[in-house]
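Asker: Okay, here's the structure, questions in a sec.
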Amino acid sequence: MSSAIRNPTGTIELEARDLSVLYGETRALKHVSLSIPDRKVVAFIGPSGCGKSTLLRCFNRMNDLIPGVRIEGEALFQGRNLYGAGVDAVDVRRRIGMVFQKPNPFPKSIYDNVLFGPKINGYRGDFSELVERSLRQAALWDEVKDRLDSSALALSGGQQQRLCIARALAVEPEVLLMDEPASALDPIATQKIEDLIYELKQDYTVVIVTHSMQQAARVSDHTAFLYMGEVIEYGATNELFTNPREERTEAYITGRFG
Amino acid sequence: MQPTNDNGAPLKNAATGTGRGTGVSAQRPTFQVGRPSAPAMRTADGVVRGNADASMQPAASGAANSAASDAANGVSPNPVRTPAEPLGLERVPSDAAQRDPSRFAPRISQRRFIAKAFAAVCLVATLIGVVVLAALLVDLLRDGAGRLSFEMITGFPSRFADRAGIGPAVAGSAWVLFLTAMIAFPLGVGTAIWLEEYADNNRWKRLIEMNIANLAGVPSIVYGILGLTLFVRVMGLGRSLMAAALTLALLILPVIIIASQEALKAVPRSIRLGAYALGATRWETIQHQILPMAMPGVMTGTILALSRAIGEAAPVILVGALGFVAFIPTNPSDQYTVLPFQIFNWVSRPQPEFHEVAAAASLVLLVLLLSMSGIAIWLRNKYTRRS
């Protein structure tokens with residue numbers, strides 16, 4: 001525990017300080033502290049139920065939506081506590097976007113899917129231009145440019161997930177949280193998402209939860225290994241995978257448990 | 001655990017530095033490019049494999065050797081997965097070696113017969129319903145079709161059966177339908193939205209829901225008594241269209257609430273989360289995502305409930321529908337009659353000619369109800385296609 005790197009170099013975009021999440025009496029996240037540098041990809045790995053998704057959802061206050069949840073400690077975004085007084089979860093979620101495990105496009109046209117976020121947030125620029133830019137960023141434009149008016153549900157799973165990424169990018173967030181974004185996709189679609197993550201870190205801080213250690217190794221700069229609600233080890237991805245400091249990390253990444 | 005960390009870590013570092021130095025540095029560049037595939041994963045494994053290599057290659061350095069002896073001493077954990085222990089599974093011996101067909105009695109023909117017999121029973125049940133409905137229609141057509149005419153539908157009632165029309169009853173039913181929808185739809189959908197989207201799931205919510213479910217089962221005549229007391233007398237609405245509409249709105253409110261709640265429940269949680277994650281407020285999520293998706297279900301429930309309302313005779317008798325209305329009502333405070341009550345009134349008379357007019361009026365009511373179901377289906381399809 002004590003040996004984990006808690007402060008990677010660079011500007012810190014997100015930070016958890018002694019952060020705990022309680023569902024009723026169960027403490028799903030136990031006094032977690034770690035910081036996430038700007039414009040890097042950070043992966044959370046760990047066995048099911050280890051708290052990695054819970055930690056992720058603390059950073060855009062999606063945990064607020066679960067009845068009976070209690071959050072202790074601080075989650076900071078650019079130095080400001082997301083749970084502090086006067087911070088509106090709606091504003092937090094525009095600036096810290098999220099992509100979910102299963103693609104969840106709205107049952108509307110591709111065009112309307114991208115524009116829902118910008119419209120409710122009072123976007124004042126050109127809508128068509130924004131749609132094209134967002135879809136290009138998500139590497140989906142060429143595949144859908146001729147059928148923007150058709151239903152998003154007609155797209156393949158991988159395309160739907162990239163549409164969800166485009167939709168998240170359309171509100172111009174600073175951080176993108178991804179909760180197992182490729183776990184419902186086939187290997188080819190997964191590779192496209194991973195390539196995309198690699199591109200996105202030029203402009204965004206990306207935090208990704210994944211069950212696939214290969215994926216964490218491929219896409220992330222830093223990796224945190226969580227177990228039973230605690231961060232066991234956090235460090236540079238190549239360090240963590242080649243030379244884990246903790247016995248439990250090594251046991252997990254070599255497949256002896258989890 | 002503690003000694004492993006203290007002893008293990010420096011040893012592994014030493015092994016990395018010397019014995020397997022070339023292997024690791026060969027993998028590292030791939031890492032920093034960011035797109036290594038399998039080798040990245042196997043590196044931790046590699047520490048372990050290094051041990052095996054060391055024992056196979058006598059020329060390996062001292063550091064690797066000490067790592068190997070480390071493993072032998074059991075200081076570092078055994079890399080090879082021993083199937084039984086970590087998985088927590090116990091191997092159950094299979095019976096496959098001693099397959100014995102006599103232990104099963106598949107009785108295929110008997111099971112096939114039962115399957116066919118059950119399908120036949122279900123078909124008969126369906127046919128009974130269809131036949132009874134057809135008999136009703138044929139009976140109504142035989143009695144009433146002869147009396148059906150434009151004059152009869154638009155005409156006024158008369159004490160002579162051959163001149164009696166249902167114009168005021170059709171107009172009254174249309175008025176009641178419109179007013180009831182205007183009252184019940186917003187109240188019902190609003191209640192459903194509050195219960196599903198806003199209310200905490202506590203004992204008060206459950207109490208309210210239980211009562212709504214119970215109200216759906218209260219006989220319509222009871223609503224008539226309530227309407228008579230509350231709307232006709234206390235609120236002083238008298239024998240007006242408004243009193244009837246309010247009473248019928250109360251009658252169908254529970255049905256609309258329950259149907260709308262079901263429709264809202266059917267909207268997947270992922271859609272809500274998707275909208276919230278884009279910075280939508282709760283109302284924006286409801287307005288733009290949840291309601292459009294729930295609308296077909298809400299519409300269907302509302303229209304079916306309204307069909308029930310305009311088919312009701314009992315409550316409107318209590319709140320004062322008239323048996324003889326010689327004018328078309330023009331505003332909600334007018335006196336009125338409705339089709340079911342007009343039919344009831346005529347059927348109660350002794351003259352068989354009036355029974356024929358009643359049959360004709362029933363046909364009109366049936367057509368009205370069928371077209372409402374048609375509208376429900378049309379609306380549902382329209383919304384479904386849009387989404």
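Labels used: A, B, ... for chains in the order of the structure tokens, numbers from 1 for residues in each chain, and numbers from 1 for ligands as shown.
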Using only C-alpha atoms, I'd like a table of the residues in chain A that come within 7 Å of chain B; for each, show the closest atom pair and its distance in Å rounded to one decimal, ordered by chain and ascending number, as JSON lines.
Answerer:
```
{"residue": "A:Val90", "atom": "CA", "partner": "B:Gly279", "partner_atom": "CA", "distance": 4.6}
{"residue": "A:Asp91", "atom": "CA", "partner": "B:Gly279", "partner_atom": "CA", "distance": 6.1}
{"residue": "A:Arg93", "atom": "CA", "partner": "B:Gly279", "partner_atom": "CA", "distance": 4.8}
{"residue": "A:Arg94", "atom": "CA", "partner": "B:Gly279", "partner_atom": "CA", "distance": 4.6}
{"residue": "A:Gly97", "atom": "CA", "partner": "B:Ala277", "partner_atom": "CA", "distance": 6.2}
{"residue": "A:Met98", "atom": "CA", "partner": "B:Ala277", "partner_atom": "CA", "distance": 5.9}
{"residue": "A:Asn104", "atom": "CA", "partner": "B:Ser270", "partner_atom": "CA", "distance": 6.0}
{"residue": "A:Phe106", "atom": "CA", "partner": "B:Ile271", "partner_atom": "CA", "distance": 6.4}
{"residue": "A:Pro107", "atom": "CA", "partner": "B:Ser387", "partner_atom": "CA", "distance": 5.2}
{"residue": "A:Lys108", "atom": "CA", "partner": "B:Ser387", "partner_atom": "CA", "distance": 5.2}
{"residue": "A:Gly117", "atom": "CA", "partner": "B:Leu278", "partner_atom": "CA", "distance": 5.4}
{"residue": "A:Ile120", "atom": "CA", "partner": "B:Ala280", "partner_atom": "CA", "distance": 6.7}
{"residue": "A:Ala168", "atom": "CA", "partner": "B:Leu278", "partner_atom": "CA", "distance": 6.4}
{"residue": "A:Gln214", "atom": "CA", "partner": "B:Met41", "partner_atom": "CA", "distance": 6.1}
{"residue": "A:Ala217", "atom": "CA", "partner": "B:Ala40", "partner_atom": "CA", "distance": 6.5}
{"residue": "A:Arg218", "atom": "CA", "partner": "B:Arg35", "partner_atom": "CA", "distance": 4.9}
{"residue": "A:Val219", "atom": "CA", "partner": "B:Gly34", "partner_atom": "CA", "distance": 6.1}
{"residue": "A:Asn238", "atom": "CA", "partner": "B:Phe31", "partner_atom": "CA", "distance": 6.5}
{"residue": "A:Phe241", "atom": "CA", "partner": "B:Ala44", "partner_atom": "CA", "distance": 6.1}
{"residue": "A:Thr242", "atom": "CA", "partner": "B:Thr43", "partner_atom": "CA", "distance": 5.1}
{"residue": "A:Asn243", "atom": "CA", "partner": "B:Ala44", "partner_atom": "CA", "distance": 6.7}
{"residue": "A:Arg245", "atom": "CA", "partner": "B:Ala9", "partner_atom": "CA", "distance": 6.7}
{"residue": "A:Glu246", "atom": "CA", "partner": "B:Asn5", "partner_atom": "CA", "distance": 6.9}
{"residue": "A:Glu247", "atom": "CA", "partner": "B:Asn5", "partner_atom": "CA", "distance": 6.8}
{"residue": "A:Glu250", "atom": "CA", "partner": "B:Ala44", "partner_atom": "CA", "distance": 6.7}
{"residue": "A:Thr254", "atom": "CA", "partner": "B:Asp45", "partner_atom": "CA", "distance": 5.7}
{"residue": "A:Arg256", "atom": "CA", "partner": "B:Arg81", "partner_atom": "CA", "distance": 6.5}
{"residue": "A:Phe257", "atom": "CA", "partner": "B:Pro86", "partner_atom": "CA", "distance": 6.9}
```
Asker: Go ahead and save the picked residues with C-alpha atoms, as a short mmCIF file (atom, residue, chain, number, x, y, z; two decimals), in the first residue's frame.
Answerer:
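Output saved as out_39.cif:
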```cif
data_model
loop_
_atom_site.label_atom_id
_atom_site.label_comp_id
_atom_site.auth_asym_id
_atom_site.auth_seq_id
_atom_site.Cartn_x
_atom_site.Cartn_y
_atom_site.Cartn_z
CA VAL A 90 -25.23 18.72 -13.85
CA ASP A 91 -22.31 21.05 -14.57
CA ARG A 93 -21.21 15.89 -15.82
CA ARG A 94 -20.92 18.20 -18.81
CA GLY A 97 -18.12 12.96 -19.78
CA MET A 98 -18.83 9.29 -19.50
CA ASN A 104 -26.67 3.21 -24.87
CA PHE A 106 -30.94 7.18 -27.52
CA PRO A 107 -33.64 5.72 -29.80
CA LYS A 108 -33.34 8.73 -32.10
CA GLY A 117 -26.09 17.20 -24.96
CA ILE A 120 -29.67 21.12 -23.42
CA ALA A 168 -19.95 12.58 -24.97
CA GLN A 214 -4.20 -6.60 -22.04
CA ALA A 217 -1.52 -2.52 -20.84
CA ARG A 218 -2.21 -1.43 -24.40
CA VAL A 219 -3.99 1.87 -23.85
CA ASN A 238 4.78 -0.65 -17.84
CA PHE A 241 2.85 -4.94 -15.40
CA THR A 242 6.54 -5.77 -15.67
CA ASN A 243 7.56 -5.16 -12.14
CA ARG A 245 5.59 -3.87 -6.25
CA GLU A 246 2.83 -5.73 -4.48
CA GLU A 247 2.34 -9.44 -4.24
CA GLU A 250 1.44 -9.73 -9.32
CA THR A 254 -0.51 -13.25 -13.72
CA ARG A 256 -3.73 -16.44 -10.11
CA PHE A 257 -6.95 -14.89 -8.86
#
```
Asker: If you count only C-alpha atoms, which residues fall within 8 Å of Leu240 in chain A, apart from same-chain ones fewer than 5 positions away, as a ChimeraX atom specification?
Answerer: /A:223,233-235,245,249
Asker: Among the residues of range 129-272 of chain B, find those DSSP assigns to alpha helix (DSSP H) from the backbone and print them as a PyMOL selection string.
Answerer: chain B and resi 129-144+150-154+167-193+203-215+220-227+241-265+269-272
Asker: Go ahead and dump the residues you just picked, C-alpha atoms, as an mmCIF file, in the first residue's frame.
Answerer:
```cif
data_model
loop_
_atom_site.group_PDB
_atom_site.id
_atom_site.type_symbol
_atom_site.label_atom_id
_atom_site.label_comp_id
_atom_site.auth_asym_id
_atom_site.auth_seq_id
_atom_site.Cartn_x
_atom_site.Cartn_y
_atom_site.Cartn_z
ATOM 1 C CA GLY B 129 -64.407 -15.973 -27.277
ATOM 2 C CA VAL B 130 -64.480 -15.313 -31.025
ATOM 3 C CA VAL B 131 -67.759 -17.189 -31.498
ATOM 4 C CA VAL B 132 -69.521 -15.391 -28.641
ATOM 5 C CA LEU B 133 -68.361 -12.025 -29.951
ATOM 6 C CA ALA B 134 -69.478 -12.942 -33.465
ATOM 7 C CA ALA B 135 -72.891 -14.068 -32.151
ATOM 8 C CA LEU B 136 -73.288 -10.732 -30.353
ATOM 9 C CA LEU B 137 -72.416 -8.810 -33.490
ATOM 10 C CA VAL B 138 -74.729 -10.887 -35.678
ATOM 11 C CA ASP B 139 -77.573 -10.466 -33.191
ATOM 12 C CA LEU B 140 -77.044 -6.696 -33.008
ATOM 13 C CA LEU B 141 -76.808 -6.414 -36.784
ATOM 14 C CA ARG B 142 -79.987 -8.458 -37.307
ATOM 15 C CA ASP B 143 -81.926 -6.322 -34.833
ATOM 16 C CA GLY B 144 -80.375 -2.954 -35.477
ATOM 17 C CA PHE B 150 -77.977 9.019 -41.107
ATOM 18 C CA GLU B 151 -81.256 10.404 -39.746
ATOM 19 C CA MET B 152 -81.158 7.990 -36.834
ATOM 20 C CA ILE B 153 -77.543 8.887 -35.901
ATOM 21 C CA THR B 154 -78.064 12.640 -36.130
ATOM 22 C CA GLY B 167 -77.799 12.696 -32.051
ATOM 23 C CA PRO B 168 -77.708 14.160 -28.512
ATOM 24 C CA ALA B 169 -76.316 10.892 -27.104
ATOM 25 C CA VAL B 170 -73.479 10.811 -29.676
ATOM 26 C CA ALA B 171 -72.712 14.472 -29.002
ATOM 27 C CA GLY B 172 -72.906 13.869 -25.234
ATOM 28 C CA SER B 173 -70.533 10.906 -25.451
ATOM 29 C CA ALA B 174 -68.100 12.938 -27.559
ATOM 30 C CA TRP B 175 -68.217 15.798 -25.021
ATOM 31 C CA VAL B 176 -67.692 13.422 -22.087
ATOM 32 C CA LEU B 177 -64.848 11.690 -23.915
ATOM 33 C CA PHE B 178 -63.088 14.975 -24.635
ATOM 34 C CA LEU B 179 -63.550 16.432 -21.138
ATOM 35 C CA THR B 180 -62.589 13.182 -19.394
ATOM 36 C CA ALA B 181 -59.405 12.945 -21.476
ATOM 37 C CA MET B 182 -58.538 16.576 -20.710
ATOM 38 C CA ILE B 183 -58.873 15.914 -16.974
ATOM 39 C CA ALA B 184 -57.592 12.365 -16.604
ATOM 40 C CA PHE B 185 -54.584 12.433 -18.970
ATOM 41 C CA PRO B 186 -52.544 15.207 -17.322
ATOM 42 C CA LEU B 187 -53.481 14.073 -13.803
ATOM 43 C CA GLY B 188 -52.710 10.424 -14.539
ATOM 44 C CA VAL B 189 -49.460 10.941 -16.421
ATOM 45 C CA GLY B 190 -48.317 13.560 -13.913
ATOM 46 C CA THR B 191 -48.958 11.189 -11.031
ATOM 47 C CA ALA B 192 -47.150 8.367 -12.818
ATOM 48 C CA ILE B 193 -44.118 10.581 -13.523
ATOM 49 C CA ARG B 203 -43.409 3.465 2.650
ATOM 50 C CA TRP B 204 -45.544 6.464 1.602
ATOM 51 C CA LYS B 205 -44.922 5.774 -2.053
ATOM 52 C CA ARG B 206 -45.784 2.116 -1.587
ATOM 53 C CA LEU B 207 -48.937 3.055 0.341
ATOM 54 C CA ILE B 208 -50.037 5.390 -2.453
ATOM 55 C CA GLU B 209 -49.328 2.774 -5.115
ATOM 56 C CA MET B 210 -51.234 0.122 -3.204
ATOM 57 C CA ASN B 211 -54.242 2.401 -2.912
ATOM 58 C CA ILE B 212 -54.152 3.289 -6.592
ATOM 59 C CA ALA B 213 -54.123 -0.398 -7.457
ATOM 60 C CA ASN B 214 -57.102 -0.956 -5.158
ATOM 61 C CA LEU B 215 -59.006 1.985 -6.648
ATOM 62 C CA SER B 220 -67.948 2.034 -11.276
ATOM 63 C CA ILE B 221 -71.265 2.560 -9.429
ATOM 64 C CA VAL B 222 -69.261 3.517 -6.333
ATOM 65 C CA TYR B 223 -67.556 6.252 -8.355
ATOM 66 C CA GLY B 224 -71.066 7.316 -9.394
ATOM 67 C CA ILE B 225 -72.081 7.729 -5.749
ATOM 68 C CA LEU B 226 -68.916 9.717 -5.054
ATOM 69 C CA GLY B 227 -69.554 11.893 -8.111
ATOM 70 C CA LEU B 241 -71.377 17.268 -18.635
ATOM 71 C CA MET B 242 -68.628 18.494 -16.337
ATOM 72 C CA ALA B 243 -69.914 16.449 -13.399
ATOM 73 C CA ALA B 244 -70.033 13.316 -15.591
ATOM 74 C CA ALA B 245 -66.547 13.955 -17.005
ATOM 75 C CA LEU B 246 -65.057 14.505 -13.536
ATOM 76 C CA THR B 247 -66.678 11.308 -12.257
ATOM 77 C CA LEU B 248 -65.454 9.235 -15.219
ATOM 78 C CA ALA B 249 -61.999 10.814 -14.952
ATOM 79 C CA LEU B 250 -61.804 9.585 -11.346
ATOM 80 C CA LEU B 251 -62.942 6.162 -12.529
ATOM 81 C CA ILE B 252 -60.172 5.755 -15.107
ATOM 82 C CA LEU B 253 -57.417 7.665 -13.314
ATOM 83 C CA PRO B 254 -55.995 4.553 -11.572
ATOM 84 C CA VAL B 255 -55.856 2.680 -14.888
ATOM 85 C CA ILE B 256 -54.032 5.553 -16.603
ATOM 86 C CA ILE B 257 -51.590 5.903 -13.695
ATOM 87 C CA ILE B 258 -50.763 2.210 -13.636
ATOM 88 C CA ALA B 259 -50.403 1.938 -17.430
ATOM 89 C CA SER B 260 -48.185 5.045 -17.513
ATOM 90 C CA GLN B 261 -46.047 3.790 -14.634
ATOM 91 C CA GLU B 262 -45.484 0.524 -16.480
ATOM 92 C CA ALA B 263 -44.545 2.423 -19.628
ATOM 93 C CA LEU B 264 -42.069 4.589 -17.672
ATOM 94 C CA LYS B 265 -40.606 1.550 -15.926
ATOM 95 C CA ARG B 269 -31.950 2.673 -16.945
ATOM 96 C CA SER B 270 -29.062 3.000 -19.398
ATOM 97 C CA ILE B 271 -31.018 5.698 -21.275
ATOM 98 C CA ARG B 272 -31.467 7.718 -18.088
#
```
Asker: So the first atom is CA of Gly320 in chain B and the second is CA of Ser362 in chain B; what is the distance between them in Å, to one decimal place?
Answerer: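 CA of Ser362 in chain B lies 20.8 Å from CA of Gly320 in chain B.
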Asker: Rank nothing, just name the residue among A:Leu135, A:Leu22, A:Leu155, A:Ile208 nearest to Lys52 in chain A, using only C-alpha atoms.
Answerer: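 Going through A:Leu135, A:Leu22, A:Leu155, A:Ile208 one by one, the smallest distance to Lys52 in chain A is for A:Ile208.
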Asker: Rank A:Gln191, A:Tyr111, A:Val41, A:Val32 by their smallest atom-to-atom distance to Ser220 in chain A, using only C-alpha atoms, and report the top residue only.
Answerer: A:Val41
Asker: What separation in Å, quoted to one decimal, exists between CA of Asn113 in chain A and CA of Leu163 in chain A?
Answerer: 7.8 Å
